[in-house]
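*Asks:* Below: one structure in structure tokens.
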Amino acid sequence: MTEAIPSLVALALAAAAAFTDWRTGLIPNRLTVPPLALAPVIYFFLGGVPAAVASVLGAVLCGAVPYVLFRRDAIGGGDVKLLAAIGAIVGAGVGLEGELFAFALAAAWALVVCAARGGLGPLLRNTLRLVVNPLVPAHRRRPLLHHPMMSLRLGVFVLIGLGASLGLDRLAAGQG
């Protein structure tokens with residue numbers, strides 16, 4: 001049962017973040033910073049230095065890609081701290097897997113919304129141009145089409161992605 005506690009804590013954190021993100025568009029520091037700071041300390045007392053180091057490594061690895069996205073104004077800082085906190089709680093393996101699921105689900109949803117708004121054609125043309133332009137001579141490159149940005153709240157996708165990752169982890173462990 002004690003092995004399930006980090007999973008339940010991470011799911012509760014993700015659920016609270018999804019709720020606040022859905023309602024306000026923000027994931028507050030008071031929700032993400034305490035678990036991010038406390039997880040390594042708790043792991044230190046429960047499992048010593050190796051457990052604390054694993055928790056910090058989970059936070060760093062799970063926060064690295066979101067941090068780069070944040071620096072490019074692609075996601076918010078609350079998303080970065082949420083994903084890092086989840087990594088600190090459940091570890092890098094489950095955390096990164098949940099993050100991958102979350103980003104894949106968000107990307108799929110963005111395509112659905114884009115298609116519903118009639119913007120899928122320009123998006124796909126721009127994607128093709130981004131891939132092809134570096135491969136052709138400068139005089140043959142096509143300019144990118146103007147395409148308005150869309151805003152997406154990641155909290156719900158993080159909750160679903162983490163749930164999927166934890167579910168798969170349990171199945172792989174034979175506990176499902």
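Chain identifiers are assigned as A, B, and so on, following the order in which chains appear in the structure tokens; residues are numbered from 1 within each chain, and ligands are numbered from 1 in order of appearance.
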Taking the chain letters and numbering used in this document, name the residues of chain A that DSSP puts in alpha helix (DSSP H), as a PyMOL selection string.
*Replies:* chain A and resi 4-24+29-71+77-90+92-116+120-132+155-172
*Asks:* I'd like the neighbourhood of Ala52 of chain A as a count of residues only, where a residue qualifies if any of its atoms comes within 7 Å (using only C-alpha atoms), though same-chain residues fewer than 4 positions away should be ignored.
*Replies:* 6
*Asks:* Applying 9 Å and only C-alpha atoms, which residues near Gly91 of chain A remain after dropping the ones on its own chain fewer than 2 positions away? List them as a PDB file with C-alpha atoms, in the first residue's frame.
*Replies:*
```pdb
ATOM      1  CA  ALA A  54      16.079  10.064  -7.356  1.00  0.00           C
ATOM      2  CA  SER A  55      13.335  12.528  -6.405  1.00  0.00           C
ATOM      3  CA  VAL A  56      15.450  15.538  -7.401  1.00  0.00           C
ATOM      4  CA  LEU A  57      16.455  13.791 -10.628  1.00  0.00           C
ATOM      5  CA  GLY A  58      12.779  13.104 -11.366  1.00  0.00           C
ATOM      6  CA  ALA A  59      11.980  16.784 -10.870  1.00  0.00           C
ATOM      7  CA  CYS A  62      10.419  16.023 -15.872  1.00  0.00           C
ATOM      8  CA  ILE A  86       5.016  15.099 -10.399  1.00  0.00           C
ATOM      9  CA  GLY A  87       8.497  13.889 -11.383  1.00  0.00           C
ATOM     10  CA  ALA A  88       9.729  14.519  -7.844  1.00  0.00           C
ATOM     11  CA  ILE A  89       6.828  12.514  -6.418  1.00  0.00           C
ATOM     12  CA  GLY A  93      10.153   7.057 -15.429  1.00  0.00           C
ATOM     13  CA  VAL A  94       6.465   7.423 -14.666  1.00  0.00           C
ATOM     14  CA  GLY A  95       6.713  11.218 -14.724  1.00  0.00           C
ATOM     15  CA  LEU A  96       8.234  11.379 -18.209  1.00  0.00           C
TER      16      LEU A  96
END
```
*Asks:* For segment 21-35 of chain A, list every protein, DNA or RNA residue within 7 Å, evaluated using only C-alpha atoms, and leave out those in the same chain fewer than 6 positions away; present the list as number ranges by chain.
*Replies:* A: 78-79, 81-82, 85, 153, 155
*Asks:* Given only C-alpha atoms as the basis, pick out the residue of A:Leu83, A:Ala116, A:Ala102, A:Phe70 nearest to Leu13 of chain A.
*Replies:*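 Of A:Leu83, A:Ala116, A:Ala102, A:Phe70, the one nearest Leu13 of chain A, counting only C-alpha atoms, is A:Leu83.
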*Asks:* Restricting the calculation to only C-alpha atoms, which member of A:Val53, A:Leu38, A:Ala106, A:Ile75 is positioned closest to Ala92 of chain A?
*Replies:* A:Val53
*Asks:* Which residues come within 7 Å of segment 9-12 of chain A, counting only C-alpha atoms, excluding same-chain residues fewer than 2 positions away, as a PyMOL selection string?
*Replies:* chain A and resi 5-7+14-16+86+89-90+159
